[in-house]
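Structure file input_29.txt; described as compact mmCIF, C-alpha atoms.
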```
# COMPACT_ATOMS: atom_id res chain seq x y z
CA MET T 1 31.40 -23.55 58.98
CA ALA T 2 30.74 -20.53 61.23
CA GLU T 3 27.88 -20.71 63.71
CA PRO T 4 24.66 -19.80 61.86
CA SER T 5 22.33 -16.94 62.68
CA THR T 6 19.49 -17.14 65.20
CA GLU T 7 17.97 -13.87 63.95
CA TRP T 8 15.24 -15.52 61.87
CA ARG T 9 11.66 -14.40 62.43
CA GLU T 10 8.21 -15.57 61.39
CA VAL T 11 5.80 -12.88 60.16
CA ILE T 12 2.13 -13.78 60.71
CA ASP T 13 -0.56 -11.77 58.93
CA PRO T 14 -3.68 -11.01 61.06
CA GLY T 15 -5.99 -12.59 58.47
CA GLU T 16 -3.86 -15.68 57.97
CA ALA T 17 -5.83 -18.07 60.21
CA ALA T 18 -9.11 -17.42 58.38
CA ARG T 19 -7.43 -17.92 54.99
CA HIS T 20 -5.89 -21.17 56.13
CA GLU T 21 -9.25 -22.47 57.34
CA ALA T 22 -10.80 -21.65 53.95
CA GLN T 23 -7.89 -23.37 52.19
CA GLY T 24 -8.33 -26.43 54.39
CA GLU T 25 -11.98 -26.59 53.35
CA ALA T 26 -10.97 -26.30 49.68
CA PHE T 27 -8.54 -29.21 50.06
CA ALA T 28 -11.20 -31.30 51.83
CA GLU T 29 -13.65 -30.57 48.99
CA MET T 30 -11.08 -31.61 46.39
CA GLN T 31 -10.30 -34.72 48.43
CA GLY T 32 -14.02 -35.58 48.46
CA ARG T 33 -14.19 -35.34 44.66
CA LYS T 34 -11.21 -37.68 44.35
CA ASP T 35 -12.72 -40.11 46.88
CA GLU T 36 -15.88 -40.39 44.78
CA LYS T 37 -13.77 -41.32 41.78
CA PHE T 38 -10.94 -43.38 43.28
CA GLY T 39 -11.96 -44.36 46.83
CA VAL T 40 -10.87 -42.91 50.16
CA GLY T 41 -7.38 -41.44 50.15
CA ARG T 42 -5.22 -38.37 50.68
CA ALA T 43 -5.92 -34.98 49.14
CA LEU T 44 -2.43 -35.02 47.59
CA HIS T 45 0.17 -37.76 47.13
CA ARG T 46 -2.48 -40.45 47.38
CA LYS T 47 -0.67 -42.93 45.13
CA GLN T 48 1.76 -44.80 47.34
CA VAL T 49 4.72 -46.12 45.38
CA ALA T 50 6.43 -48.03 48.19
CA ALA T 51 6.36 -48.47 51.96
CA LEU T 52 9.81 -49.14 53.36
CA ARG T 53 11.60 -49.74 56.63
CA ALA T 54 14.75 -47.71 57.20
CA THR T 55 17.18 -46.39 59.79
CA LEU T 56 18.42 -42.87 60.42
CA GLU T 57 21.89 -42.84 61.94
CA VAL T 58 23.16 -39.68 63.66
CA PRO T 59 26.95 -39.38 64.05
CA GLY T 60 28.56 -38.15 67.23
CA ASP T 61 31.01 -35.70 65.66
CA LEU T 62 28.60 -32.98 64.49
CA PRO T 63 29.49 -29.33 65.19
CA ALA T 64 27.88 -27.93 68.33
CA HIS T 65 25.24 -25.87 66.47
CA ALA T 66 24.07 -28.99 64.60
CA LYS T 67 23.43 -31.00 67.78
CA GLN T 68 19.74 -30.18 68.05
CA GLY T 69 16.61 -32.27 68.59
CA ILE T 70 17.01 -35.81 67.29
CA PHE T 71 20.53 -34.90 66.16
CA ALA T 72 21.69 -33.89 69.66
CA ILE T 73 23.52 -37.15 70.37
CA ALA T 74 24.83 -40.09 68.39
CA ASN T 75 21.89 -42.43 67.83
CA LYS T 76 20.27 -44.84 65.42
CA TYR T 77 16.53 -44.55 64.85
CA ASP T 78 14.14 -46.87 63.10
CA ALA T 79 12.01 -45.13 60.47
CA TRP T 80 9.12 -45.69 58.10
CA LEU T 81 9.25 -44.32 54.57
CA ARG T 82 6.35 -43.55 52.25
CA LEU T 83 7.29 -42.91 48.62
CA SER T 84 4.51 -41.41 46.53
CA ASN T 85 3.32 -39.83 43.33
CA GLY T 86 1.44 -36.58 43.78
CA GLY T 87 -1.32 -37.33 41.30
CA PHE T 88 -4.23 -39.70 40.90
CA ASN T 89 -4.25 -43.37 41.93
CA ARG T 90 -4.56 -44.67 38.38
CA ALA T 91 -2.06 -42.39 36.66
CA PRO T 92 0.90 -44.32 35.15
CA ASP T 93 4.22 -43.80 36.90
CA SER T 94 5.58 -42.22 33.72
CA THR T 95 3.10 -39.32 34.07
CA PRO T 96 4.90 -36.05 34.94
CA ASP T 97 4.30 -35.40 38.63
CA ILE T 98 5.63 -34.13 41.94
CA ARG T 99 7.18 -37.04 43.84
CA GLY T 100 7.04 -37.37 47.62
CA PHE T 101 9.50 -38.95 50.04
CA SER T 102 8.07 -38.91 53.56
CA ILE T 103 10.04 -40.06 56.59
CA LYS T 104 8.61 -41.01 59.98
CA VAL T 105 11.43 -41.28 62.54
CA LEU T 106 10.33 -43.55 65.39
CA GLY T 107 11.43 -43.74 69.01
CA VAL T 108 11.83 -40.00 69.55
CA SER T 109 11.30 -38.45 72.96
CA GLY T 110 10.31 -34.89 73.85
CA LYS T 111 7.65 -32.22 73.71
CA GLY T 112 5.67 -32.17 70.48
CA ALA T 113 5.21 -29.18 68.19
CA LEU T 114 1.43 -29.57 68.60
CA GLY T 115 1.62 -30.13 72.36
CA GLY T 116 1.97 -33.29 74.43
CA GLU T 117 4.71 -35.81 73.69
CA ALA T 118 5.93 -36.27 70.15
CA ALA T 119 5.05 -39.73 68.83
CA SER T 120 7.43 -39.39 65.87
CA GLN T 121 9.53 -36.91 63.96
CA ASP T 122 8.18 -36.61 60.41
CA PHE T 123 9.80 -35.05 57.36
CA ALA T 124 7.66 -34.46 54.24
CA LEU T 125 9.99 -34.02 51.26
CA ILE T 126 9.47 -33.47 47.53
CA ASN T 127 11.75 -33.67 44.50
CA HIS T 128 11.94 -29.86 44.17
CA GLU T 129 14.03 -27.42 46.16
CA ARG T 130 11.24 -24.84 46.32
CA PHE T 131 7.49 -24.45 45.96
CA SER T 132 5.90 -22.83 42.92
CA SER T 133 4.41 -20.02 45.05
CA PRO T 134 5.83 -17.83 47.82
CA THR T 135 2.77 -18.44 50.01
CA SER T 136 0.00 -21.03 50.29
CA GLU T 137 -2.74 -18.91 48.72
CA ASP T 138 -1.73 -19.20 45.05
CA PHE T 139 -0.56 -22.78 45.58
CA THR T 140 -4.00 -23.74 46.93
CA LYS T 141 -5.76 -22.10 43.97
CA VAL T 142 -3.64 -23.98 41.45
CA VAL T 143 -3.76 -27.36 43.19
CA THR T 144 -7.44 -27.42 44.12
CA THR T 145 -8.51 -26.07 40.73
CA GLY T 146 -6.19 -28.48 38.95
CA GLY T 147 -8.00 -31.28 40.75
CA SER T 148 -11.23 -30.30 39.04
CA THR T 149 -12.39 -31.06 35.51
CA PRO T 150 -10.56 -29.33 32.60
CA GLY T 151 -13.69 -27.22 32.04
CA LYS T 152 -13.72 -25.96 35.61
CA LEU T 153 -10.00 -25.23 35.43
CA LEU T 154 -10.48 -23.15 32.26
CA LEU T 155 -13.40 -21.27 33.85
CA ARG T 156 -11.32 -20.51 36.94
CA VAL T 157 -8.45 -19.20 34.81
CA LEU T 158 -10.81 -16.99 32.81
CA LYS T 159 -12.13 -15.54 36.07
CA ASP T 160 -8.67 -15.19 37.58
CA PRO T 161 -6.01 -14.61 34.85
CA GLY T 162 -3.46 -14.06 37.62
CA MET T 163 -3.31 -17.85 37.96
CA ILE T 164 -1.65 -18.23 34.56
CA PRO T 165 1.95 -17.54 35.72
CA GLU T 166 1.49 -19.99 38.60
CA LEU T 167 0.14 -22.67 36.29
CA LYS T 168 3.10 -22.15 33.94
CA THR T 169 5.50 -22.49 36.89
CA VAL T 170 3.85 -25.75 37.94
CA GLN T 171 3.90 -27.09 34.38
CA LYS T 172 7.61 -26.27 34.12
CA ALA T 173 8.31 -28.08 37.39
CA LEU T 174 6.37 -31.13 36.22
CA LYS T 175 8.51 -31.33 33.09
CA GLU T 176 11.78 -31.46 35.03
CA PRO T 177 13.38 -34.93 34.69
CA PHE T 178 12.95 -37.37 37.57
CA SER T 179 15.46 -40.22 37.63
CA GLY T 180 13.84 -42.32 40.36
CA PHE T 181 13.51 -42.50 44.12
CA ALA T 182 16.89 -44.21 44.48
CA THR T 183 18.87 -41.56 42.60
CA GLN T 184 16.96 -38.29 43.08
CA ASP T 185 17.45 -35.68 45.81
CA PHE T 186 14.45 -34.60 47.91
CA PHE T 187 13.80 -31.37 49.81
CA SER T 188 11.59 -29.91 52.52
CA ALA T 189 11.27 -26.77 50.30
CA ALA T 190 10.20 -24.86 53.42
CA PRO T 191 11.97 -24.33 56.74
CA ILE T 192 11.79 -26.02 60.11
CA ALA T 193 13.32 -25.10 63.44
CA PHE T 194 16.61 -26.69 64.38
CA GLY T 195 16.83 -25.83 68.05
CA PRO T 196 17.40 -22.04 68.10
CA TYR T 197 18.24 -22.07 64.39
CA ALA T 198 16.16 -22.47 61.22
CA VAL T 199 16.97 -24.90 58.41
CA ARG T 200 15.69 -26.46 55.22
CA VAL T 201 16.19 -30.20 54.77
CA LYS T 202 17.69 -32.14 51.88
CA LEU T 203 17.88 -35.90 51.39
CA ALA T 204 20.79 -36.46 49.02
CA ALA T 205 20.88 -39.77 47.15
CA THR T 206 24.29 -41.43 47.12
CA SER T 207 23.51 -43.74 44.18
CA THR T 208 24.27 -42.39 40.71
CA GLU T 209 23.29 -45.53 38.76
CA VAL T 210 20.19 -44.32 36.92
CA ASN T 211 17.83 -46.92 35.50
CA ALA T 212 16.41 -45.60 32.24
CA GLN T 213 13.36 -47.90 32.61
CA ALA T 214 12.55 -46.85 36.18
CA LYS T 215 9.82 -44.42 35.11
CA GLU T 216 7.63 -47.29 33.95
CA ASP T 217 7.42 -48.69 37.50
CA TRP T 218 9.05 -46.74 40.36
CA ALA T 219 8.33 -49.49 42.91
CA ALA T 220 9.91 -52.20 40.75
CA ASP T 221 13.04 -50.07 40.41
CA ILE T 222 13.32 -49.61 44.19
CA TYR T 223 12.73 -53.26 45.08
CA GLN T 224 15.01 -54.57 42.33
CA ARG T 225 17.79 -52.42 43.77
CA LEU T 226 17.00 -53.53 47.34
CA ASP T 227 17.14 -57.14 46.22
CA GLN T 228 20.83 -56.55 45.53
CA ALA T 229 21.99 -54.08 48.20
CA PRO T 230 20.83 -51.41 50.67
CA LEU T 231 20.17 -47.85 49.52
CA THR T 232 21.69 -44.90 51.36
CA TYR T 233 21.09 -41.15 51.46
CA ASP T 234 22.82 -38.25 53.21
CA PHE T 235 20.44 -36.37 55.49
CA GLN T 236 21.45 -32.71 55.20
CA VAL T 237 20.37 -29.34 56.54
CA GLN T 238 20.83 -25.82 55.18
CA PHE T 239 20.99 -23.12 57.88
CA PHE T 240 19.30 -19.72 57.82
CA THR T 241 21.80 -16.89 57.36
CA ASP T 242 19.70 -13.79 56.57
CA GLU T 243 16.36 -12.80 55.03
CA GLN T 244 17.91 -11.90 51.67
CA ARG T 245 19.58 -15.25 51.02
CA THR T 246 17.44 -17.58 53.15
CA PRO T 247 13.93 -16.10 53.55
CA ILE T 248 11.66 -17.76 56.09
CA GLU T 249 8.30 -16.68 54.63
CA ASP T 250 8.95 -17.08 50.87
CA ALA T 251 8.68 -20.75 49.89
CA SER T 252 9.32 -19.98 46.19
CA ARG T 253 12.96 -19.03 46.78
CA ILE T 254 15.90 -21.43 46.70
CA TRP T 255 18.08 -20.80 49.74
CA ASP T 256 21.61 -19.58 49.07
CA ALA T 257 23.49 -21.43 51.83
CA PRO T 258 25.66 -24.57 52.06
CA TYR T 259 24.32 -27.94 53.17
CA LEU T 260 25.69 -29.84 56.16
CA THR T 261 25.30 -33.62 56.47
CA VAL T 262 23.84 -34.47 59.89
CA GLY T 263 22.76 -38.08 59.39
CA LYS T 264 22.62 -41.11 57.15
CA LEU T 265 19.37 -42.71 56.02
CA THR T 266 19.73 -46.39 55.11
CA ILE T 267 17.07 -48.56 53.49
CA PRO T 268 18.16 -52.17 54.13
CA ARG T 269 17.48 -55.01 51.73
CA GLN T 270 13.79 -55.92 51.85
CA HIS T 271 10.80 -57.08 49.85
CA PRO T 272 7.27 -55.65 49.66
CA GLU T 273 5.12 -56.38 52.72
CA PRO T 274 1.42 -55.93 51.85
CA ALA T 275 0.24 -55.61 55.48
CA PHE T 276 2.97 -53.10 56.30
CA GLY T 277 2.17 -51.21 53.11
CA LYS T 278 -1.45 -50.79 54.22
CA GLU T 279 -0.33 -49.63 57.66
CA VAL T 280 1.97 -47.01 56.16
CA ASP T 281 -0.64 -45.88 53.65
CA SER T 282 -3.17 -45.26 56.44
CA ALA T 283 -0.67 -43.49 58.72
CA ARG T 284 -0.19 -39.76 59.16
CA PHE T 285 2.98 -38.35 57.65
CA ASP T 286 2.84 -34.72 58.69
CA PRO T 287 5.66 -32.17 59.19
CA TRP T 288 3.78 -31.06 62.32
CA ASN T 289 4.30 -34.51 63.83
CA ALA T 290 7.52 -33.10 65.21
CA LEU T 291 9.52 -32.21 68.27
CA VAL T 292 9.34 -28.58 69.34
CA GLU T 293 13.01 -28.36 68.37
CA HIS T 294 12.01 -29.17 64.78
CA ARG T 295 8.67 -27.39 64.48
CA PRO T 296 7.74 -26.21 60.95
CA LEU T 297 8.30 -22.52 60.15
CA GLY T 298 6.86 -20.03 57.67
CA GLU T 299 3.45 -19.35 56.16
CA VAL T 300 3.38 -22.40 53.88
CA MET T 301 4.15 -24.69 56.82
CA ARG T 302 1.50 -22.99 58.97
CA ALA T 303 -1.02 -23.52 56.16
CA ARG T 304 -0.02 -27.18 55.91
CA LYS T 305 -0.90 -27.68 59.57
CA VAL T 306 -4.53 -26.84 58.79
CA ALA T 307 -4.68 -28.60 55.40
CA TYR T 308 -3.04 -31.81 56.63
CA PHE T 309 -5.37 -31.99 59.63
CA ALA T 310 -8.43 -31.51 57.42
CA SER T 311 -7.22 -34.24 55.07
CA GLN T 312 -6.46 -36.63 57.95
CA GLN T 313 -9.88 -36.08 59.50
CA HIS T 314 -11.53 -36.67 56.12
CA ARG T 315 -9.87 -40.05 55.64
CA SER T 316 -9.82 -40.98 59.38
CA ALA T 317 -6.05 -41.45 59.29
CA GLU T 318 -4.36 -43.23 62.18
```

Take the structure from the file and write it as structure tokens.
Amino acid sequence: MAEPSTEWREVIDPGEAARHEAQGEAFAEMQGRKDEKFGVGRALHRKQVAALRATLEVPGDLPAHAKQGIFAIANKYDAWLRLSNGGFNRAPDSTPDIRGFSIKVLGVSGKGALGGEAASQDFALINHERFSSPTSEDFTKVVTTGGSTPGKLLLRVLKDPGMIPELKTVQKALKEPFSGFATQDFFSAAPIAFGPYAVRVKLAATSTEVNAQAKEDWAADIYQRLDQAPLTYDFQVQFFTDEQRTPIEDASRIWDAPYLTVGKLTIPRQHPEPAFGKEVDSARFDPWNALVEHRPLGEVMRARKVAYFASQQHRSAE
């Protein structure tokens, strides 16, 4: 693979900060409504499926351009994983949903994307290669309105018919088959820095043995597998090439570029640990918990910085 381009650029609109603050308030309001109904929790992905211990192993034979940040040298990191459903606490696992696979890489060292020293390197991944909207504005409308009552959602759509295409896109995404956390691929769906380069992240499952009953209980499927053997995934990155094929600011586009494996994520054999599960559920999994070398990029990621912080403050996350 030829050395990728460093000519990527972020484009920041002058009114972006104010919009992001308003969106953060909308997420906090939605989170408050959910808290009244279900108890204190996240604005999104509040239903934790499993909390797992893992390792991320970085090989020493990566090409020079891939040796960035935590991938600069051969190493083996401990990690926490939080697997989640995007919807409500009480929704059955079989309910169509966006699934989350968050990784907290521990033991990192270096300047943090938010200043100071980075305490961890987090990756927030979903089971879709792109977002439903190019920017955070339409996404926020759909998600925060969808968290209301059906009547309020209908009223919002009547007032803003432009939401209909976005809602249809989300509904289509929800209907896409999900085989389970052990056999599905997960994506950052938005870019991060990779030293001087920009990449999107993919976690590629190496298991192809789909359990047809997994949708009834995602956690049971994971732990039954781990009772027999470890689970492994290829940690891959997709490099920016140009704005036409790999746009930085449009999160609704699938990038047209090859993936390169830069690490191996292994979940060793283990059983549920209730105390550890509570610790993981109360922790912050945030793409902005990152080294400067892996800071999030693009408008959607900049919006997430504000929305995640608002959500964390609301639930007093550790």

Under the rule that only C-alpha atoms are counted, which of T:Ile70, T:Val11, T:Leu44, T:Ile126 is the nearest residue to T:Lys111?
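Using only C-alpha atoms, T:Lys111 sits closest to T:Ile70.
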
With all atoms listed in the file as the counted atoms, please give the residues lying no more than 9 Å from T:His271, apart from itself and same-chain residues fewer than 6 positions off, as a list in words.
Leu52, Tyr223, Gln224, Leu226 and Asp227 of chain T

Write out as a PyMOL selection string the residues lying within 8 Å of T:Ala193, counting all atoms listed in the file and excluding same-chain residues fewer than 2 positions away.
chain T and resi 191+195-199+292-297

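Among the candidate residues T:Lys67, T:Lys104, T:His128, T:Arg9, the one lying nearest to T:Leu81 is T:Lys104, with distances computed using only C-alpha atoms.
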
Gap from atom CA of T:Leu203 to atom CA of T:Leu265 - Å, one decimal
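Going from atom CA of T:Leu203 over to atom CA of T:Leu265 covers 8.4 Å.
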
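Interatomic distance, atom CA of T:Met30 to atom CA of T:His45: 12.8 Å.
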